[in-house]
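*Asks:* Encoded as structure tokens, here's the structure I'll be asking about.
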Amino acid sequence: MSERPDRRPSPSAAKRAGWRRPADPTGATPPAGPPTGPRPAPAAPAPPNHRSVIDSAVYRDGRRIASPASLADTFRQLREEPEGMAWIGLHRPTEPELHSLAAEFNLHELAVEDALEAHQRPKLERYGDTLFVVLRAARYLDAQEEVDFAELHIFVGPDFLITVRHGSAPDLSAVRRRMEGNPELLSLGPEAALYAILDAVVDGYAPVVEGVQTDIDEIETEVFRGDPAVSRRIYELSREMVEFQRATRPLVGMLHGLMAGFAKYGTDEELQRYLRDVADHVTHTSERVDGFRQALTEILTVNATLVSQQQNAEMRALAEAGFEQNEEIKKISAWAAILFAPTLVGTIYGMNFEDMPELKWAGGYPFAILLMAVVCVSLYVIFKKRDWL
């Protein structure tokens, strides 16, 4: 995990002097100097009252011996403690702060640029004797029923560990307290703190997995209940699972890469067991996430089928209703035509013109009644044969 094959808690003072810039006699922080490559994009200004340094401490033999108030004090305390280790926790640091750390601990400019810009994929890269790790932490928000992702950057060197958070998760203060409660483990060096952070990030996936499982169970119920809003919920959860896969899949390869270097870098046996346990949890979580995405795909297919069936049933019902309505209209139209015939005859003979034929005929009334009856019966027979009545 680091370049120290002897696995001592910290390097010698001579070794530290070989890779760190010499201290300014005035005690000021050494300048970063002009970058040799392209300058990173300016960092977003910190909000008012924003404190970048969450916690900074110097440890010796796994026990905190100093809690400097500033980065410059931390650098000075670490120089005065040859066998010490610095653990610096930052939250959305400014560009000058990261450049001061880069100058003090000889951090690679590409890694510093990544830590400034954020929005990186999970990865593990080695720059000389410094390890740069990018993690994606996750937490489940019960109120919104969604997954919130945060980015964490970690620099691990021979005698320092720097964490740069771009989000609220994970709770690294709890990780620090846990390690301070176990000095024997923390005395193994920065690699032990890295293990604890990896373990915290992976453990943070468990509540997310349970929350997503609950969401999927609810979605299945909503699908068969015919909830019209379920399609959007499936889509949104599927997108979150894609992000979850991007957070967990690379972590599997990263941990296996660390385990492959156990022999080369002389990793402590206790840390080897811890890291294997973390790798097992990550693998299990990654498999669960893959299963969730497959399940959501199948649920979306089932929902589309059910929606299609429901639409077909509604169209069939509309067609049947239209057919029944048409039959009723035909009946009404047939009876209207039948009733129109006597009305027409009666209207003609009711005009009372003097020169109108058949007005003085004695058989005129019976003839009109007979004519009405014949027309009505004829229309009834015609409509009956055509199934209008």
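Going by the structure tokens order, chains are called A, B, ..., each with residues numbered from 1, while ligands are numbered from 1 in the order shown.
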Determine, counting only C-alpha atoms, which protein, DNA and RNA residues have an atom within 9 Å of an atom of Leu172 in chain A; residues of the same chain fewer than 4 positions away are not included. Present the result as a PyMOL selection string.
*Replies:* chain A and resi 89+163+176-177+197+200
*Asks:* Let me make sure I understand: among A:Gln245, A:Val282, A:Val208, A:Leu275, which one has the smallest atom-to-atom distance to Leu258 in chain A if we use only C-alpha atoms?
*Replies:*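 For Leu258 in chain A, the nearest of the given residues is A:Leu275.
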*Asks:* Looking at A:Phe244, A:Tyr235, A:Pro207, A:Leu185, which one is nearest to Glu269 in chain A, with distances taken over only C-alpha atoms?
*Replies:*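 For Glu269 in chain A, the nearest of the candidates is A:Leu185.
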*Asks:* For the atom pair CA of Thr347 in chain A and CA of Glu328 in chain A, what is the interatomic distance in Å to one decimal place?
*Replies:* 28.0 Å
*Asks:* For range 68-78 of chain A, list every protein, DNA or RNA residue within 10 Å, evaluated using only C-alpha atoms, and leave out those in the same chain fewer than 2 positions away; present the list as a PDB file with all heavy atoms, in the first residue's frame.
*Replies:*
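This is the output file out.pdb:
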```pdb
ATOM      1  N   ALA A  23      12.023  23.216   5.607  1.00  0.00           N
ATOM      2  CA  ALA A  23      11.185  24.191   6.297  1.00  0.00           C
ATOM      3  C   ALA A  23      11.782  25.577   6.182  1.00  0.00           C
ATOM      4  O   ALA A  23      12.987  25.762   6.147  1.00  0.00           O
ATOM      5  CB  ALA A  23      11.038  23.816   7.769  1.00  0.00           C
ATOM      6  N   ASP A  24      10.913  26.571   6.140  1.00  0.00           N
ATOM      7  CA  ASP A  24      11.323  27.970   6.158  1.00  0.00           C
ATOM      8  C   ASP A  24      11.816  28.311   7.564  1.00  0.00           C
ATOM      9  O   ASP A  24      11.168  27.985   8.549  1.00  0.00           O
ATOM     10  CB  ASP A  24      10.110  28.847   5.808  1.00  0.00           C
ATOM     11  CG  ASP A  24      10.539  30.279   5.510  1.00  0.00           C
ATOM     12  OD1 ASP A  24      11.392  30.775   6.245  1.00  0.00           O
ATOM     13  OD2 ASP A  24       9.985  30.861   4.558  1.00  0.00           O
ATOM     14  N   GLY A  27       9.397  29.695   9.965  1.00  0.00           N
ATOM     15  CA  GLY A  27       8.260  28.879  10.387  1.00  0.00           C
ATOM     16  C   GLY A  27       7.073  29.013   9.474  1.00  0.00           C
ATOM     17  O   GLY A  27       6.040  28.421   9.730  1.00  0.00           O
ATOM     18  N   ALA A  28       7.195  29.805   8.395  1.00  0.00           N
ATOM     19  CA  ALA A  28       6.060  29.981   7.482  1.00  0.00           C
ATOM     20  C   ALA A  28       5.940  28.775   6.575  1.00  0.00           C
ATOM     21  O   ALA A  28       6.889  28.030   6.354  1.00  0.00           O
ATOM     22  CB  ALA A  28       6.252  31.259   6.648  1.00  0.00           C
ATOM     23  N   THR A  29       4.780  28.611   6.008  1.00  0.00           N
ATOM     24  CA  THR A  29       4.545  27.496   5.092  1.00  0.00           C
ATOM     25  C   THR A  29       5.322  27.716   3.810  1.00  0.00           C
ATOM     26  O   THR A  29       5.266  28.805   3.231  1.00  0.00           O
ATOM     27  CB  THR A  29       3.051  27.402   4.759  1.00  0.00           C
ATOM     28  OG1 THR A  29       2.352  27.268   5.979  1.00  0.00           O
ATOM     29  CG2 THR A  29       2.763  26.214   3.876  1.00  0.00           C
ATOM     30  N   PRO A  30       6.079  26.745   3.318  1.00  0.00           N
ATOM     31  CA  PRO A  30       6.864  26.940   2.111  1.00  0.00           C
ATOM     32  C   PRO A  30       5.947  27.190   0.929  1.00  0.00           C
ATOM     33  O   PRO A  30       4.874  26.600   0.849  1.00  0.00           O
ATOM     34  CB  PRO A  30       7.626  25.617   1.944  1.00  0.00           C
ATOM     35  CG  PRO A  30       7.130  24.713   2.988  1.00  0.00           C
ATOM     36  CD  PRO A  30       6.225  25.441   3.891  1.00  0.00           C
ATOM     37  N   VAL A  53     -10.607  22.968   7.104  1.00  0.00           N
ATOM     38  CA  VAL A  53      -9.907  21.987   7.939  1.00  0.00           C
ATOM     39  C   VAL A  53     -10.865  21.520   9.038  1.00  0.00           C
ATOM     40  O   VAL A  53     -11.139  22.246   9.992  1.00  0.00           O
ATOM     41  CB  VAL A  53      -8.631  22.584   8.545  1.00  0.00           C
ATOM     42  CG1 VAL A  53      -7.907  21.526   9.377  1.00  0.00           C
ATOM     43  CG2 VAL A  53      -7.716  23.130   7.451  1.00  0.00           C
ATOM     44  N   ASP A  55     -10.444  18.569  10.863  1.00  0.00           N
ATOM     45  CA  ASP A  55      -9.626  18.087  11.985  1.00  0.00           C
ATOM     46  C   ASP A  55      -8.222  17.825  11.470  1.00  0.00           C
ATOM     47  O   ASP A  55      -8.033  17.320  10.359  1.00  0.00           O
ATOM     48  CB  ASP A  55     -10.227  16.815  12.582  1.00  0.00           C
ATOM     49  CG  ASP A  55      -9.632  16.489  13.956  1.00  0.00           C
ATOM     50  OD1 ASP A  55      -8.739  17.230  14.395  1.00  0.00           O
ATOM     51  OD2 ASP A  55     -10.076  15.501  14.580  1.00  0.00           O
ATOM     52  N   SER A  56      -7.247  18.182  12.260  1.00  0.00           N
ATOM     53  CA  SER A  56      -5.857  17.951  11.911  1.00  0.00           C
ATOM     54  C   SER A  56      -5.128  17.512  13.169  1.00  0.00           C
ATOM     55  O   SER A  56      -5.236  18.173  14.214  1.00  0.00           O
ATOM     56  CB  SER A  56      -5.226  19.231  11.340  1.00  0.00           C
ATOM     57  OG  SER A  56      -3.870  19.007  11.002  1.00  0.00           O
ATOM     58  N   ALA A  57      -4.428  16.397  13.071  1.00  0.00           N
ATOM     59  CA  ALA A  57      -3.773  15.849  14.260  1.00  0.00           C
ATOM     60  C   ALA A  57      -2.463  15.170  13.876  1.00  0.00           C
ATOM     61  O   ALA A  57      -2.283  14.717  12.746  1.00  0.00           O
ATOM     62  CB  ALA A  57      -4.688  14.855  14.964  1.00  0.00           C
ATOM     63  N   VAL A  58      -1.576  15.125  14.846  1.00  0.00           N
ATOM     64  CA  VAL A  58      -0.313  14.406  14.697  1.00  0.00           C
ATOM     65  C   VAL A  58      -0.321  13.257  15.699  1.00  0.00           C
ATOM     66  O   VAL A  58      -0.659  13.443  16.878  1.00  0.00           O
ATOM     67  CB  VAL A  58       0.886  15.340  14.948  1.00  0.00           C
ATOM     68  CG1 VAL A  58       2.199  14.545  14.890  1.00  0.00           C
ATOM     69  CG2 VAL A  58       0.903  16.468  13.932  1.00  0.00           C
ATOM     70  N   TYR A  59       0.040  12.060  15.226  1.00  0.00           N
ATOM     71  CA  TYR A  59       0.003  10.856  16.060  1.00  0.00           C
ATOM     72  C   TYR A  59       1.402  10.260  16.171  1.00  0.00           C
ATOM     73  O   TYR A  59       2.225  10.359  15.243  1.00  0.00           O
ATOM     74  CB  TYR A  59      -0.945   9.812  15.450  1.00  0.00           C
ATOM     75  CG  TYR A  59      -2.367  10.271  15.348  1.00  0.00           C
ATOM     76  CD1 TYR A  59      -2.820  10.983  14.231  1.00  0.00           C
ATOM     77  CD2 TYR A  59      -3.296   9.992  16.351  1.00  0.00           C
ATOM     78  CE1 TYR A  59      -4.129  11.406  14.127  1.00  0.00           C
ATOM     79  CE2 TYR A  59      -4.626  10.409  16.255  1.00  0.00           C
ATOM     80  CZ  TYR A  59      -5.026  11.113  15.140  1.00  0.00           C
ATOM     81  OH  TYR A  59      -6.329  11.528  15.045  1.00  0.00           O
ATOM     82  N   ARG A  60       1.630   9.616  17.308  1.00  0.00           N
ATOM     83  CA  ARG A  60       2.847   8.851  17.508  1.00  0.00           C
ATOM     84  C   ARG A  60       2.469   7.568  18.233  1.00  0.00           C
ATOM     85  O   ARG A  60       1.782   7.602  19.262  1.00  0.00           O
ATOM     86  CB  ARG A  60       3.875   9.640  18.327  1.00  0.00           C
ATOM     87  CG  ARG A  60       5.221   8.885  18.508  1.00  0.00           C
ATOM     88  CD  ARG A  60       6.193   9.705  19.337  1.00  0.00           C
ATOM     89  NE  ARG A  60       5.641   9.966  20.678  1.00  0.00           N
ATOM     90  CZ  ARG A  60       5.925  11.033  21.382  1.00  0.00           C
ATOM     91  NH1 ARG A  60       6.708  11.982  20.883  1.00  0.00           N
ATOM     92  NH2 ARG A  60       5.402  11.201  22.590  1.00  0.00           N
ATOM     93  N   ILE A  65      -0.871  13.210  19.721  1.00  0.00           N
ATOM     94  CA  ILE A  65       0.038  13.974  20.569  1.00  0.00           C
ATOM     95  C   ILE A  65      -0.103  15.475  20.327  1.00  0.00           C
ATOM     96  O   ILE A  65       0.440  16.274  21.098  1.00  0.00           O
ATOM     97  CB  ILE A  65       1.502  13.559  20.341  1.00  0.00           C
ATOM     98  CG1 ILE A  65       1.908  13.775  18.880  1.00  0.00           C
ATOM     99  CG2 ILE A  65       1.714  12.112  20.757  1.00  0.00           C
ATOM    100  CD1 ILE A  65       3.380  13.513  18.608  1.00  0.00           C
ATOM    101  N   ALA A  66      -0.807  15.849  19.256  1.00  0.00           N
ATOM    102  CA  ALA A  66      -0.987  17.276  18.965  1.00  0.00           C
ATOM    103  C   ALA A  66      -2.217  17.452  18.099  1.00  0.00           C
ATOM    104  O   ALA A  66      -2.545  16.593  17.272  1.00  0.00           O
ATOM    105  CB  ALA A  66       0.241  17.845  18.258  1.00  0.00           C
ATOM    106  N   GLU A  80       8.837  18.298  13.742  1.00  0.00           N
ATOM    107  CA  GLU A  80       9.450  18.146  15.059  1.00  0.00           C
ATOM    108  C   GLU A  80       9.272  16.737  15.618  1.00  0.00           C
ATOM    109  O   GLU A  80       9.855  16.424  16.665  1.00  0.00           O
ATOM    110  CB  GLU A  80       8.838  19.168  16.030  1.00  0.00           C
ATOM    111  CG  GLU A  80       9.142  20.611  15.661  1.00  0.00           C
ATOM    112  CD  GLU A  80       8.378  21.591  16.524  1.00  0.00           C
ATOM    113  OE1 GLU A  80       7.528  21.128  17.337  1.00  0.00           O
ATOM    114  OE2 GLU A  80       8.603  22.817  16.385  1.00  0.00           O
ATOM    115  N   GLU A  81       8.449  15.922  14.963  1.00  0.00           N
ATOM    116  CA  GLU A  81       8.174  14.570  15.457  1.00  0.00           C
ATOM    117  C   GLU A  81       8.571  13.568  14.374  1.00  0.00           C
ATOM    118  O   GLU A  81       7.753  13.154  13.548  1.00  0.00           O
ATOM    119  CB  GLU A  81       6.688  14.430  15.795  1.00  0.00           C
ATOM    120  CG  GLU A  81       6.350  13.175  16.578  1.00  0.00           C
ATOM    121  CD  GLU A  81       7.032  13.136  17.928  1.00  0.00           C
ATOM    122  OE1 GLU A  81       7.063  14.175  18.616  1.00  0.00           O
ATOM    123  OE2 GLU A  81       7.545  12.061  18.288  1.00  0.00           O
ATOM    124  N   PRO A  82       9.836  13.130  14.344  1.00  0.00           N
ATOM    125  CA  PRO A  82      10.307  12.249  13.261  1.00  0.00           C
ATOM    126  C   PRO A  82       9.511  10.952  13.133  1.00  0.00           C
ATOM    127  O   PRO A  82       9.353  10.426  12.036  1.00  0.00           O
ATOM    128  CB  PRO A  82      11.764  11.972  13.637  1.00  0.00           C
ATOM    129  CG  PRO A  82      12.145  13.107  14.532  1.00  0.00           C
ATOM    130  CD  PRO A  82      10.910  13.469  15.280  1.00  0.00           C
ATOM    131  N   GLU A  83       9.021  10.423  14.245  1.00  0.00           N
ATOM    132  CA  GLU A  83       8.274   9.160  14.201  1.00  0.00           C
ATOM    133  C   GLU A  83       6.762   9.396  14.211  1.00  0.00           C
ATOM    134  O   GLU A  83       5.995   8.495  14.525  1.00  0.00           O
ATOM    135  CB  GLU A  83       8.668   8.294  15.404  1.00  0.00           C
ATOM    136  CG  GLU A  83      10.130   7.899  15.441  1.00  0.00           C
ATOM    137  CD  GLU A  83      10.516   7.096  14.210  1.00  0.00           C
ATOM    138  OE1 GLU A  83       9.694   6.253  13.774  1.00  0.00           O
ATOM    139  OE2 GLU A  83      11.613   7.314  13.677  1.00  0.00           O
ATOM    140  N   GLY A  84       6.323  10.597  13.874  1.00  0.00           N
ATOM    141  CA  GLY A  84       4.904  10.912  13.919  1.00  0.00           C
ATOM    142  C   GLY A  84       4.197  10.671  12.597  1.00  0.00           C
ATOM    143  O   GLY A  84       4.811  10.400  11.559  1.00  0.00           O
ATOM    144  N   MET A  85       2.894  10.780  12.652  1.00  0.00           N
ATOM    145  CA  MET A  85       2.045  10.644  11.467  1.00  0.00           C
ATOM    146  C   MET A  85       0.973  11.735  11.534  1.00  0.00           C
ATOM    147  O   MET A  85       0.360  11.947  12.580  1.00  0.00           O
ATOM    148  CB  MET A  85       1.373   9.263  11.422  1.00  0.00           C
ATOM    149  CG  MET A  85       0.421   9.085  10.249  1.00  0.00           C
ATOM    150  SD  MET A  85      -0.655   7.628  10.410  1.00  0.00           S
ATOM    151  CE  MET A  85      -1.956   8.290  11.457  1.00  0.00           C
ATOM    152  N   ALA A  86       0.743  12.428  10.431  1.00  0.00           N
ATOM    153  CA  ALA A  86      -0.277  13.469  10.368  1.00  0.00           C
ATOM    154  C   ALA A  86      -1.517  12.931   9.674  1.00  0.00           C
ATOM    155  O   ALA A  86      -1.424  12.239   8.653  1.00  0.00           O
ATOM    156  CB  ALA A  86       0.243  14.694   9.627  1.00  0.00           C
ATOM    157  N   TRP A  87      -2.673  13.245  10.236  1.00  0.00           N
ATOM    158  CA  TRP A  87      -3.964  12.885   9.636  1.00  0.00           C
ATOM    159  C   TRP A  87      -4.742  14.194   9.529  1.00  0.00           C
ATOM    160  O   TRP A  87      -5.160  14.782  10.523  1.00  0.00           O
ATOM    161  CB  TRP A  87      -4.676  11.875  10.510  1.00  0.00           C
ATOM    162  CG  TRP A  87      -5.975  11.382   9.921  1.00  0.00           C
ATOM    163  CD1 TRP A  87      -6.671  11.902   8.879  1.00  0.00           C
ATOM    164  CD2 TRP A  87      -6.728  10.241  10.367  1.00  0.00           C
ATOM    165  NE1 TRP A  87      -7.804  11.169   8.631  1.00  0.00           N
ATOM    166  CE2 TRP A  87      -7.867  10.144   9.523  1.00  0.00           C
ATOM    167  CE3 TRP A  87      -6.562   9.320  11.393  1.00  0.00           C
ATOM    168  CZ2 TRP A  87      -8.829   9.155   9.697  1.00  0.00           C
ATOM    169  CZ3 TRP A  87      -7.514   8.329  11.556  1.00  0.00           C
ATOM    170  CH2 TRP A  87      -8.629   8.227  10.713  1.00  0.00           C
ATOM    171  N   ILE A  88      -4.908  14.657   8.296  1.00  0.00           N
ATOM    172  CA  ILE A  88      -5.545  15.946   8.031  1.00  0.00           C
ATOM    173  C   ILE A  88      -6.869  15.702   7.305  1.00  0.00           C
ATOM    174  O   ILE A  88      -6.896  15.059   6.242  1.00  0.00           O
ATOM    175  CB  ILE A  88      -4.634  16.856   7.184  1.00  0.00           C
ATOM    176  CG1 ILE A  88      -3.289  17.056   7.894  1.00  0.00           C
ATOM    177  CG2 ILE A  88      -5.305  18.186   6.882  1.00  0.00           C
ATOM    178  CD1 ILE A  88      -2.253  17.766   7.037  1.00  0.00           C
ATOM    179  N   GLU A  97      -5.033  26.120  -0.108  1.00  0.00           N
ATOM    180  CA  GLU A  97      -4.825  25.101   0.932  1.00  0.00           C
ATOM    181  C   GLU A  97      -4.278  23.817   0.323  1.00  0.00           C
ATOM    182  O   GLU A  97      -3.322  23.222   0.851  1.00  0.00           O
ATOM    183  CB  GLU A  97      -6.144  24.825   1.658  1.00  0.00           C
ATOM    184  CG  GLU A  97      -6.570  25.933   2.604  1.00  0.00           C
ATOM    185  CD  GLU A  97      -7.958  25.691   3.185  1.00  0.00           C
ATOM    186  OE1 GLU A  97      -8.786  25.033   2.519  1.00  0.00           O
ATOM    187  OE2 GLU A  97      -8.208  26.165   4.308  1.00  0.00           O
ATOM    188  N   SER A 100      -0.666  24.274  -0.721  1.00  0.00           N
ATOM    189  CA  SER A 100       0.265  24.251   0.406  1.00  0.00           C
ATOM    190  C   SER A 100       0.531  22.817   0.845  1.00  0.00           C
ATOM    191  O   SER A 100       1.672  22.467   1.184  1.00  0.00           O
ATOM    192  CB  SER A 100      -0.293  25.083   1.561  1.00  0.00           C
ATOM    193  OG  SER A 100      -1.432  24.444   2.127  1.00  0.00           O
ATOM    194  N   LEU A 101      -0.497  21.981   0.823  1.00  0.00           N
ATOM    195  CA  LEU A 101      -0.302  20.562   1.137  1.00  0.00           C
ATOM    196  C   LEU A 101       0.560  19.884   0.082  1.00  0.00           C
ATOM    197  O   LEU A 101       1.417  19.046   0.404  1.00  0.00           O
ATOM    198  CB  LEU A 101      -1.665  19.864   1.219  1.00  0.00           C
ATOM    199  CG  LEU A 101      -2.530  20.200   2.430  1.00  0.00           C
ATOM    200  CD1 LEU A 101      -3.958  19.704   2.228  1.00  0.00           C
ATOM    201  CD2 LEU A 101      -1.949  19.582   3.695  1.00  0.00           C
ATOM    202  N   GLU A 104       4.145  20.815   0.717  1.00  0.00           N
ATOM    203  CA  GLU A 104       4.703  20.220   1.939  1.00  0.00           C
ATOM    204  C   GLU A 104       4.933  18.723   1.788  1.00  0.00           C
ATOM    205  O   GLU A 104       5.974  18.195   2.214  1.00  0.00           O
ATOM    206  CB  GLU A 104       3.754  20.484   3.105  1.00  0.00           C
ATOM    207  CG  GLU A 104       4.196  19.844   4.409  1.00  0.00           C
ATOM    208  CD  GLU A 104       5.431  20.495   5.003  1.00  0.00           C
ATOM    209  OE1 GLU A 104       5.752  21.643   4.595  1.00  0.00           O
ATOM    210  OE2 GLU A 104       6.078  19.873   5.853  1.00  0.00           O
ATOM    211  N   PHE A 105       3.994  18.018   1.168  1.00  0.00           N
ATOM    212  CA  PHE A 105       4.065  16.559   1.108  1.00  0.00           C
ATOM    213  C   PHE A 105       4.411  16.037  -0.279  1.00  0.00           C
ATOM    214  O   PHE A 105       4.310  14.833  -0.524  1.00  0.00           O
ATOM    215  CB  PHE A 105       2.736  15.943   1.568  1.00  0.00           C
ATOM    216  CG  PHE A 105       2.402  16.246   3.003  1.00  0.00           C
ATOM    217  CD1 PHE A 105       1.318  17.053   3.322  1.00  0.00           C
ATOM    218  CD2 PHE A 105       3.168  15.730   4.034  1.00  0.00           C
ATOM    219  CE1 PHE A 105       0.999  17.331   4.640  1.00  0.00           C
ATOM    220  CE2 PHE A 105       2.857  16.006   5.358  1.00  0.00           C
ATOM    221  CZ  PHE A 105       1.774  16.814   5.657  1.00  0.00           C
ATOM    222  N   ASP A 159       4.131   9.110   5.992  1.00  0.00           N
ATOM    223  CA  ASP A 159       3.808   9.522   7.363  1.00  0.00           C
ATOM    224  C   ASP A 159       2.640  10.520   7.391  1.00  0.00           C
ATOM    225  O   ASP A 159       2.561  11.353   8.287  1.00  0.00           O
ATOM    226  CB  ASP A 159       5.034  10.127   8.054  1.00  0.00           C
ATOM    227  CG  ASP A 159       5.488  11.410   7.366  1.00  0.00           C
ATOM    228  OD1 ASP A 159       5.070  11.636   6.213  1.00  0.00           O
ATOM    229  OD2 ASP A 159       6.252  12.177   7.991  1.00  0.00           O
ATOM    230  N   PHE A 160       1.758  10.430   6.417  1.00  0.00           N
ATOM    231  CA  PHE A 160       0.599  11.341   6.422  1.00  0.00           C
ATOM    232  C   PHE A 160      -0.576  10.693   5.697  1.00  0.00           C
ATOM    233  O   PHE A 160      -0.407   9.798   4.858  1.00  0.00           O
ATOM    234  CB  PHE A 160       0.945  12.673   5.750  1.00  0.00           C
ATOM    235  CG  PHE A 160       1.219  12.559   4.272  1.00  0.00           C
ATOM    236  CD1 PHE A 160       0.184  12.655   3.337  1.00  0.00           C
ATOM    237  CD2 PHE A 160       2.509  12.356   3.797  1.00  0.00           C
ATOM    238  CE1 PHE A 160       0.430  12.550   1.982  1.00  0.00           C
ATOM    239  CE2 PHE A 160       2.759  12.256   2.443  1.00  0.00           C
ATOM    240  CZ  PHE A 160       1.720  12.346   1.531  1.00  0.00           C
TER     241      PHE A 160
END
```
*Asks:* Can you pull out the residues contacting Met259 in chain A? Cut-off 12 Å, using only C-alpha atoms, and skip same-chain residues under 3 positions away; I want them as a PyMOL selection string.
*Replies:* chain A and resi 1+195+252-256+262-269+271-280
*Asks:* Those residues you just picked out, can you put them in a file as a JSON list (two decimals), in the first residue's frame with N, CA and C atoms?
*Replies:*
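Okay, this is what ended up in selection-v5.json:
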```
[["chain", "number", "residue", "atom", "x", "y", "z"],
["A", 1, "MET", "N", 0.82, -1.20, 0.00],
["A", 1, "MET", "CA", 0.00, 0.00, 0.00],
["A", 1, "MET", "C", 0.85, 1.25, 0.00],
["A", 195, "TYR", "N", -7.50, 1.89, 5.60],
["A", 195, "TYR", "CA", -8.41, 0.74, 5.75],
["A", 195, "TYR", "C", -9.69, 1.16, 6.45],
["A", 252, "VAL", "N", -14.18, -2.76, -6.32],
["A", 252, "VAL", "CA", -13.81, -4.18, -6.27],
["A", 252, "VAL", "C", -12.41, -4.37, -6.85],
["A", 253, "GLY", "N", -12.17, -3.80, -8.01],
["A", 253, "GLY", "CA", -10.85, -3.92, -8.63],
["A", 253, "GLY", "C", -9.77, -3.22, -7.83],
["A", 254, "MET", "N", -10.11, -2.07, -7.23],
["A", 254, "MET", "CA", -9.14, -1.34, -6.42],
["A", 254, "MET", "C", -8.67, -2.17, -5.24],
["A", 255, "LEU", "N", -9.60, -2.78, -4.53],
["A", 255, "LEU", "CA", -9.24, -3.58, -3.36],
["A", 255, "LEU", "C", -8.46, -4.83, -3.75],
["A", 256, "HIS", "N", -8.84, -5.43, -4.86],
["A", 256, "HIS", "CA", -8.07, -6.59, -5.31],
["A", 256, "HIS", "C", -6.65, -6.17, -5.74],
["A", 262, "PHE", "N", 0.16, -6.99, -1.46],
["A", 262, "PHE", "CA", 0.49, -7.30, -0.06],
["A", 262, "PHE", "C", 1.94, -7.72, 0.10],
["A", 263, "ALA", "N", 2.37, -8.67, -0.74],
["A", 263, "ALA", "CA", 3.73, -9.20, -0.60],
["A", 263, "ALA", "C", 4.76, -8.15, -1.01],
["A", 264, "LYS", "N", 4.48, -7.40, -2.07],
["A", 264, "LYS", "CA", 5.45, -6.43, -2.58],
["A", 264, "LYS", "C", 5.72, -5.33, -1.58],
["A", 265, "TYR", "N", 4.66, -4.85, -0.91],
["A", 265, "TYR", "CA", 4.82, -3.72, -0.01],
["A", 265, "TYR", "C", 4.84, -4.13, 1.46],
["A", 266, "GLY", "N", 4.87, -5.44, 1.72],
["A", 266, "GLY", "CA", 4.99, -5.91, 3.09],
["A", 266, "GLY", "C", 3.87, -5.47, 3.99],
["A", 267, "THR", "N", 2.64, -5.59, 3.51],
["A", 267, "THR", "CA", 1.49, -5.15, 4.30],
["A", 267, "THR", "C", 1.33, -5.99, 5.55],
["A", 268, "ASP", "N", 1.02, -5.35, 6.65],
["A", 268, "ASP", "CA", 0.83, -6.05, 7.91],
["A", 268, "ASP", "C", -0.26, -7.11, 7.78],
["A", 269, "GLU", "N", -0.07, -8.25, 8.44],
["A", 269, "GLU", "CA", -1.04, -9.35, 8.31],
["A", 269, "GLU", "C", -2.43, -8.96, 8.84],
["A", 271, "LEU", "N", -3.77, -5.97, 8.76],
["A", 271, "LEU", "CA", -4.40, -5.15, 7.73],
["A", 271, "LEU", "C", -4.83, -6.00, 6.54],
["A", 272, "GLN", "N", -4.07, -7.03, 6.23],
["A", 272, "GLN", "CA", -4.46, -7.91, 5.13],
["A", 272, "GLN", "C", -5.82, -8.55, 5.41],
["A", 273, "ARG", "N", -6.02, -9.00, 6.65],
["A", 273, "ARG", "CA", -7.31, -9.62, 7.00],
["A", 273, "ARG", "C", -8.43, -8.59, 6.91],
["A", 274, "TYR", "N", -8.17, -7.37, 7.39],
["A", 274, "TYR", "CA", -9.21, -6.34, 7.35],
["A", 274, "TYR", "C", -9.58, -6.00, 5.90],
["A", 275, "LEU", "N", -8.57, -5.85, 5.07],
["A", 275, "LEU", "CA", -8.84, -5.47, 3.68],
["A", 275, "LEU", "C", -9.56, -6.59, 2.93],
["A", 276, "ARG", "N", -9.24, -7.84, 3.23],
["A", 276, "ARG", "CA", -9.97, -8.94, 2.60],
["A", 276, "ARG", "C", -11.43, -8.90, 3.00],
["A", 277, "ASP", "N", -11.69, -8.58, 4.27],
["A", 277, "ASP", "CA", -13.07, -8.49, 4.74],
["A", 277, "ASP", "C", -13.81, -7.36, 4.01],
["A", 278, "VAL", "N", -13.14, -6.22, 3.85],
["A", 278, "VAL", "CA", -13.75, -5.11, 3.12],
["A", 278, "VAL", "C", -14.02, -5.52, 1.67],
["A", 279, "ALA", "N", -13.07, -6.21, 1.06],
["A", 279, "ALA", "CA", -13.24, -6.64, -0.33],
["A", 279, "ALA", "C", -14.44, -7.59, -0.46],
["A", 280, "ASP", "N", -14.62, -8.47, 0.51],
["A", 280, "ASP", "CA", -15.77, -9.38, 0.48],
["A", 280, "ASP", "C", -17.09, -8.59, 0.55]]
```
*Asks:* If you run DSSP on the backbone, which residues of range 60-96 of chain A are alpha helix (DSSP H), as a PyMOL selection string?
*Replies:* chain A and resi 71-80+95-96
*Asks:* CA of Ala111 in chain A and CA of Met241 in chain A are how many Å apart?
*Replies:*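 Spanning CA of Ala111 in chain A to CA of Met241 in chain A is a straight-line distance of 27.5 Å.
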*Asks:* What does the distance from CA of Ala103 in chain A to CA of Ala115 in chain A come to in Å, to one decimal?
*Replies:*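 Between these atoms lies a distance of 14.8 Å.
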*Asks:* Under the rule that only C-alpha atoms are counted, which of A:Val147, A:Val223, A:Leu379, A:Ala229 is the nearest residue to Val242 in chain A?
*Replies:*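 Once distances to Val242 in chain A are computed over only C-alpha atoms, the minimum belongs to A:Val147.
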*Asks:* Which neighbours of Thr343 in chain A fall inside 12 Å, counting only C-alpha atoms, when residues of the same chain fewer than 3 positions from it are skipped, and could you give them as number ranges by chain?
*Replies:* A: 336-340, 346-350, 368-369, 371-373, 375-376
*Asks:* Which residues come within 12 Å of Asp217 in chain A, counting only C-alpha atoms, excluding same-chain residues fewer than 5 positions away, as a ChimeraX atom specification?
*Replies:* /A:210-212,222-224,234,292,295-296,299
